[in-house]
Amino acid sequence: MQLILNYINGEYCKPIDDKWLDNYNPAEGKIYSKIANSGAEDIEKAYKAAADAFPSWSETSLDERSRILQKIADIIEANLDQLAEAESLDNGKPLSLAKSVDIPRAASNFSFFAKAITQFSSEAHESIGLQSMNFTLRQPIGVVGCISPWNLPLYLFTWKIAPAIAAGNTVVAKPSEITPYTAYLLGEICTEAGLPKGVLNIVNGLGQTAGEAITKHPKIKAITFTGGTKTGEHIAKIAAPMFKKLSLELGGKNPNLIFADCNYDKMLETTVKSSFANQGQICLCGSRIFVEASIYEQFKKDFIEKVSQLKIGHPMNSETKIGALVSKSHLEKVESYVEIAKTENQNILFGGKRVDVENFSEGYYFQPTIIEVKSNDCRINQEEIFGPIVSIMPFETETEALNMANDTKYGLSSTLWTSDMNRVMRMSKKLECGIVWVNTWLNRDLRTPFGGTKQSGVGREGGLEALRFFTEPKNICITYE
Ligand code: NDP
């Protein structure tokens, strides 16, 4: 059976205690590999390797760091098929999605930061009258911790690692225990690209043990975490007394606001994607759909029809649009929300049931589900489900739509569908979130700041923001006569 080992100091190794976890293939509900179940001692080993590598890596020229990052990107691209298959096997997402989005984006993360680091600059302030010149020196932090979730495994893992090492830090990283396979393969790729030993150390295991040991490690000076809001809160509590630098990318309950004056066909097609891409397991999915009352009935009919055409099936099948959910426990969580909707007397318009895919009856398949809700304060609209369930409800006025959009503890992204640019500006300013998409969705330019407000997180990643996070600014003040 495939063993998912740790990658420490440039070498694959077993966990010190020789303990292992089962790894399931969600499409078939079967164990297909064993994952290193690492603990605090493994994290210490990884930390030591990272600390030893830091002095040399932080002094390595920008050109050389950039060259190695680009090489990693090139090798990921060259192994697109193998990596996409691994991602689909491990996560349950359609192979076509892994091939077109996840793996290309992992390569772009490295090639983007390979270039960005050569363009990173800092400010200078001349204090006229004081005869002095200030400039800001941006230095790498040291050993940093990167913890990532299961929904976009290699995509989000590399989104953290690439800027961290580009900026001259060394890393102890933990992928989600549910989807560690592509992170494991990345180790080999880094070795092939010539990344010096110890610059990237990948430790597998449970969040409560391996993840917690990273957060608690007194010498790991910064943590970048993407995952659930509750886990983020827990990490923040541990990190705060040690004054660690923290970047938290957390949950969402994103509104999709549809006005009658939008480009209807484009909106409809995109809304199907923003609802159910990756089985609805993207933090940016629009899970609360608000539709202007004058087009509500038409939208309801057309949306149900389009969603009913989505093919649910084995992720490796090229026609599959909806693959398997990531785990049995997640399937049960998603399903429980259908029961919650029933107790709240909401109207289940479509879906709501598990799917028995032929020959794979043990797989974790669930229908794309549309629930018509009566108001925004119900649990279906307030709690993050993170699966293939969306709610729809009508609104009468722009103010009502805005109030409902903002009436949530989350603030990650919003999508606006309208052709009225005055409305776009009015609403964009007032929406409480980190990203507003106008007549589009998941349209990402890696130079832009990425992150959420309220309980969707703290800080921004992406572009130069990420390089700022992974460096410590120091003011140097020089006087002259
Ligand atoms: P979790 O919070 O459960 O886990 C995220 C990562 O943290 C995993 O690697 C997990 O390990 C680890 N972890 C768990 N407990 C601890 C701990 N005590 N200390 C340190 N690390 C820990 O999230 P999910 O993996 O379930 O991911 C889904 C969530 O991620 C959703 O809420 C989603 O909205 C959010 N997300 C946010 C994004 C954003 O950019 N804002 C993007 C994508 C997802 P293990 O898996 O082994 O438990």
# chains A, B, ... in the order shown; residues from 1 in each chain; ligands from 1
$ residues_around --residues "range 464-480 of chain A" --least-positions-apart "3" --cutoff "10 Å" --atoms "only C-alpha atoms" --output "PyMOL selection string"
chain A and resi 113+116-117+119-127+130-142+144+159-160+162-169+222-224+245-247+446-450+459-461
$ residues_near_ligand --ligand "ligand 1" --cutoff "9 Å" --atoms "only C-alpha atoms and all ligand atoms" --output "ChimeraX atom specification"
/A:146-152,156,174-180,204-216,225-232,234-235,238,248-253,281-284,330,384-386,412,450-452,456-457,461
$ residues_around --residues "Thr60 in chain A" --least-positions-apart "2" --cutoff "12 Å" --atoms "only C-alpha atoms" --output "PDB file with N, CA and C atoms, in the first residue's frame"
ATOM      1  N   ALA A  53      18.704  25.305   7.744  1.00  0.00           N
ATOM      2  CA  ALA A  53      18.746  25.761   6.341  1.00  0.00           C
ATOM      3  C   ALA A  53      18.596  27.278   6.220  1.00  0.00           C
ATOM      4  N   PHE A  54      18.043  27.900   7.257  1.00  0.00           N
ATOM      5  CA  PHE A  54      17.693  29.326   7.141  1.00  0.00           C
ATOM      6  C   PHE A  54      18.874  30.260   6.830  1.00  0.00           C
ATOM      7  N   PRO A  55      20.001  30.175   7.567  1.00  0.00           N
ATOM      8  CA  PRO A  55      21.058  31.166   7.305  1.00  0.00           C
ATOM      9  C   PRO A  55      21.489  31.187   5.837  1.00  0.00           C
ATOM     10  N   SER A  56      21.625  30.006   5.255  1.00  0.00           N
ATOM     11  CA  SER A  56      22.095  29.968   3.876  1.00  0.00           C
ATOM     12  C   SER A  56      20.993  30.390   2.882  1.00  0.00           C
ATOM     13  N   TRP A  57      19.774  29.890   3.107  1.00  0.00           N
ATOM     14  CA  TRP A  57      18.685  30.211   2.172  1.00  0.00           C
ATOM     15  C   TRP A  57      18.343  31.704   2.201  1.00  0.00           C
ATOM     16  N   SER A  58      18.348  32.284   3.394  1.00  0.00           N
ATOM     17  CA  SER A  58      17.984  33.703   3.483  1.00  0.00           C
ATOM     18  C   SER A  58      19.041  34.580   2.815  1.00  0.00           C
ATOM     19  N   LEU A  62      18.453  36.607  -4.897  1.00  0.00           N
ATOM     20  CA  LEU A  62      17.075  36.599  -5.401  1.00  0.00           C
ATOM     21  C   LEU A  62      16.984  35.845  -6.725  1.00  0.00           C
ATOM     22  N   ASP A  63      17.977  36.032  -7.560  1.00  0.00           N
ATOM     23  CA  ASP A  63      17.965  35.358  -8.862  1.00  0.00           C
ATOM     24  C   ASP A  63      17.948  33.845  -8.689  1.00  0.00           C
ATOM     25  N   GLU A  64      18.739  33.371  -7.735  1.00  0.00           N
ATOM     26  CA  GLU A  64      18.836  31.930  -7.525  1.00  0.00           C
ATOM     27  C   GLU A  64      17.528  31.390  -6.916  1.00  0.00           C
ATOM     28  N   ARG A  65      16.980  32.106  -5.952  1.00  0.00           N
ATOM     29  CA  ARG A  65      15.694  31.669  -5.378  1.00  0.00           C
ATOM     30  C   ARG A  65      14.627  31.650  -6.467  1.00  0.00           C
ATOM     31  N   SER A  66      14.632  32.704  -7.260  1.00  0.00           N
ATOM     32  CA  SER A  66      13.644  32.827  -8.326  1.00  0.00           C
ATOM     33  C   SER A  66      13.773  31.671  -9.326  1.00  0.00           C
ATOM     34  N   ARG A  67      15.023  31.351  -9.654  1.00  0.00           N
ATOM     35  CA  ARG A  67      15.278  30.282 -10.633  1.00  0.00           C
ATOM     36  C   ARG A  67      14.751  28.938 -10.109  1.00  0.00           C
ATOM     37  N   ILE A  68      14.984  28.673  -8.821  1.00  0.00           N
ATOM     38  CA  ILE A  68      14.536  27.391  -8.246  1.00  0.00           C
ATOM     39  C   ILE A  68      13.005  27.338  -8.195  1.00  0.00           C
ATOM     40  N   PRO A 140      13.581  38.302   5.740  1.00  0.00           N
ATOM     41  CA  PRO A 140      12.785  37.100   6.019  1.00  0.00           C
ATOM     42  C   PRO A 140      12.635  36.891   7.526  1.00  0.00           C
ATOM     43  N   ILE A 165       8.985  30.791   0.846  1.00  0.00           N
ATOM     44  CA  ILE A 165      10.384  30.491   0.508  1.00  0.00           C
ATOM     45  C   ILE A 165      10.961  31.532  -0.457  1.00  0.00           C
ATOM     46  N   ALA A 166      10.090  32.109  -1.292  1.00  0.00           N
ATOM     47  CA  ALA A 166      10.578  33.179  -2.185  1.00  0.00           C
ATOM     48  C   ALA A 166      11.176  34.312  -1.356  1.00  0.00           C
ATOM     49  N   ALA A 167      10.531  34.612  -0.235  1.00  0.00           N
ATOM     50  CA  ALA A 167      10.985  35.728   0.609  1.00  0.00           C
ATOM     51  C   ALA A 167      12.202  35.366   1.452  1.00  0.00           C
ATOM     52  N   GLY A 168      12.663  34.102   1.383  1.00  0.00           N
ATOM     53  CA  GLY A 168      13.896  33.739   2.092  1.00  0.00           C
ATOM     54  C   GLY A 168      13.675  33.008   3.407  1.00  0.00           C
ATOM     55  N   ASN A 169      12.414  32.667   3.710  1.00  0.00           N
ATOM     56  CA  ASN A 169      12.138  31.898   4.926  1.00  0.00           C
ATOM     57  C   ASN A 169      12.348  30.411   4.656  1.00  0.00           C
ATOM     58  N   THR A 170      12.400  29.645   5.736  1.00  0.00           N
ATOM     59  CA  THR A 170      12.336  28.198   5.590  1.00  0.00           C
ATOM     60  C   THR A 170      11.044  27.744   6.280  1.00  0.00           C
ATOM     61  N   LEU A 195      15.917  22.533  -4.783  1.00  0.00           N
ATOM     62  CA  LEU A 195      15.669  23.311  -3.562  1.00  0.00           C
ATOM     63  C   LEU A 195      16.575  22.743  -2.470  1.00  0.00           C
ATOM     64  N   PRO A 196      17.382  23.595  -1.838  1.00  0.00           N
ATOM     65  CA  PRO A 196      18.315  23.054  -0.834  1.00  0.00           C
ATOM     66  C   PRO A 196      17.576  22.324   0.293  1.00  0.00           C
ATOM     67  N   VAL A 199      14.851  23.574   3.328  1.00  0.00           N
ATOM     68  CA  VAL A 199      14.109  24.823   3.060  1.00  0.00           C
ATOM     69  C   VAL A 199      12.602  24.565   3.184  1.00  0.00           C
TER      70      VAL A 199
END
$ residues_around --residues "Ser318 in chain A" --least-positions-apart "6" --cutoff "9 Å" --atoms "only C-alpha atoms" --output "VMD selection string"
chain A and resid 94 to 96
$ write_last_selection --atoms "C-alpha atoms" --output "short mmCIF file (atom, residue, chain, number, x, y, z; two decimals), in the first residue's frame"
data_model
loop_
_atom_site.label_atom_id
_atom_site.label_comp_id
_atom_site.auth_asym_id
_atom_site.auth_seq_id
_atom_site.Cartn_x
_atom_site.Cartn_y
_atom_site.Cartn_z
CA PRO A 94 -13.45 15.67 -10.99
CA LEU A 95 -10.17 14.91 -12.75
CA SER A 96 -11.07 17.57 -15.33
#
$ closest_residue --among "A:Gly351, A:Pro394, A:Gly286, A:Pro15" --to "Val272 in chain A" --atoms "only C-alpha atoms"
A:Gly286
$ select_by_dssp --residues "range 292-479 of chain A" --states "strand (DSSP E)" --output "PyMOL selection string"
chain A and resi 292+347-350+369-372+389-395+410-411+413-417+435-438+453-454+457-458+471-479
$ atom_distance --atom1 "CA of Asn23 in chain A" --atom2 "CA of Ala78 in chain A"
26.2 Å
$ atom_distance --atom1 "CA of Asp102 in chain A" --atom2 "CA of Glu332 in chain A"
25.3 Å
$ select_by_dssp --residues "range 157-283 of chain A" --states "helix (DSSP H, G or I)" --output "ChimeraX atom specification"
/A:157-166,181-193,207-216,229-242,264-280
$ residues_around --residues "Asp407 in chain A" --least-positions-apart "4" --cutoff "9 Å" --atoms "only C-alpha atoms" --output "PyMOL selection string"
chain A and resi 376-377+382+402-403
$ residues_around --residues "Asn263 in chain A" --least-positions-apart "3" --cutoff "12 Å" --atoms "only C-alpha atoms" --output "list in words"
Ile258, Phe259, Ala260, Lys266, Met267, Leu268, Glu269, Thr270, Thr271, Leu416, Trp417, Thr418, Ser419, Asp420, Val438, Asn439 and Thr440 of chain A
$ write_last_selection --atoms "N, CA and C atoms" --output "mmCIF file, in the first residue's frame"
data_model
loop_
_atom_site.group_PDB
_atom_site.id
_atom_site.type_symbol
_atom_site.label_atom_id
_atom_site.label_comp_id
_atom_site.auth_asym_id
_atom_site.auth_seq_id
_atom_site.Cartn_x
_atom_site.Cartn_y
_atom_site.Cartn_z
ATOM 1 N N ILE A 258 -28.309 38.941 -7.350
ATOM 2 C CA ILE A 258 -28.674 38.932 -8.773
ATOM 3 C C ILE A 258 -29.774 39.966 -9.036
ATOM 4 N N PHE A 259 -29.452 40.951 -9.864
ATOM 5 C CA PHE A 259 -30.430 41.993 -10.199
ATOM 6 C C PHE A 259 -31.006 41.729 -11.592
ATOM 7 N N ALA A 260 -32.228 42.233 -11.791
ATOM 8 C CA ALA A 260 -32.958 41.960 -13.035
ATOM 9 C C ALA A 260 -32.239 42.508 -14.262
ATOM 10 N N LYS A 266 -25.312 34.733 -18.922
ATOM 11 C CA LYS A 266 -23.968 34.614 -18.321
ATOM 12 C C LYS A 266 -24.109 34.383 -16.806
ATOM 13 N N MET A 267 -25.050 35.115 -16.202
ATOM 14 C CA MET A 267 -25.279 34.972 -14.762
ATOM 15 C C MET A 267 -25.693 33.538 -14.424
ATOM 16 N N LEU A 268 -26.609 33.007 -15.217
ATOM 17 C CA LEU A 268 -27.145 31.672 -14.907
ATOM 18 C C LEU A 268 -26.030 30.614 -14.987
ATOM 19 N N GLU A 269 -25.290 30.687 -16.069
ATOM 20 C CA GLU A 269 -24.202 29.706 -16.259
ATOM 21 C C GLU A 269 -23.166 29.811 -15.144
ATOM 22 N N THR A 270 -22.798 31.050 -14.794
ATOM 23 C CA THR A 270 -21.770 31.243 -13.762
ATOM 24 C C THR A 270 -22.304 30.865 -12.387
ATOM 25 N N THR A 271 -23.582 31.126 -12.153
ATOM 26 C CA THR A 271 -24.152 30.819 -10.833
ATOM 27 C C THR A 271 -24.181 29.307 -10.580
ATOM 28 N N LEU A 416 -21.842 40.183 -7.486
ATOM 29 C CA LEU A 416 -22.915 41.101 -7.882
ATOM 30 C C LEU A 416 -23.218 40.895 -9.355
ATOM 31 N N TRP A 417 -24.487 40.720 -9.685
ATOM 32 C CA TRP A 417 -24.882 40.607 -11.100
ATOM 33 C C TRP A 417 -25.799 41.768 -11.447
ATOM 34 N N THR A 418 -25.266 42.730 -12.194
ATOM 35 C CA THR A 418 -26.047 43.910 -12.584
ATOM 36 C C THR A 418 -25.305 44.632 -13.712
ATOM 37 N N SER A 419 -26.044 45.400 -14.517
ATOM 38 C CA SER A 419 -25.344 46.202 -15.532
ATOM 39 C C SER A 419 -25.320 47.674 -15.132
ATOM 40 N N ASP A 420 -25.797 47.976 -13.935
ATOM 41 C CA ASP A 420 -25.848 49.365 -13.476
ATOM 42 C C ASP A 420 -24.565 49.694 -12.707
ATOM 43 N N VAL A 438 -17.853 41.334 -9.778
ATOM 44 C CA VAL A 438 -18.960 41.972 -10.489
ATOM 45 C C VAL A 438 -19.104 41.305 -11.849
ATOM 46 N N ASN A 439 -20.215 40.652 -12.050
ATOM 47 C CA ASN A 439 -20.522 39.942 -13.299
ATOM 48 C C ASN A 439 -19.469 38.886 -13.641
ATOM 49 N N THR A 440 -18.927 38.283 -12.616
ATOM 50 C CA THR A 440 -17.945 37.202 -12.792
ATOM 51 C C THR A 440 -17.824 36.473 -11.463
#
$ closest_residue --among "A:Gly92, A:Gly387, A:Gly434, A:Pro315" --to "Val338 in chain A" --atoms "only C-alpha atoms"
A:Gly387
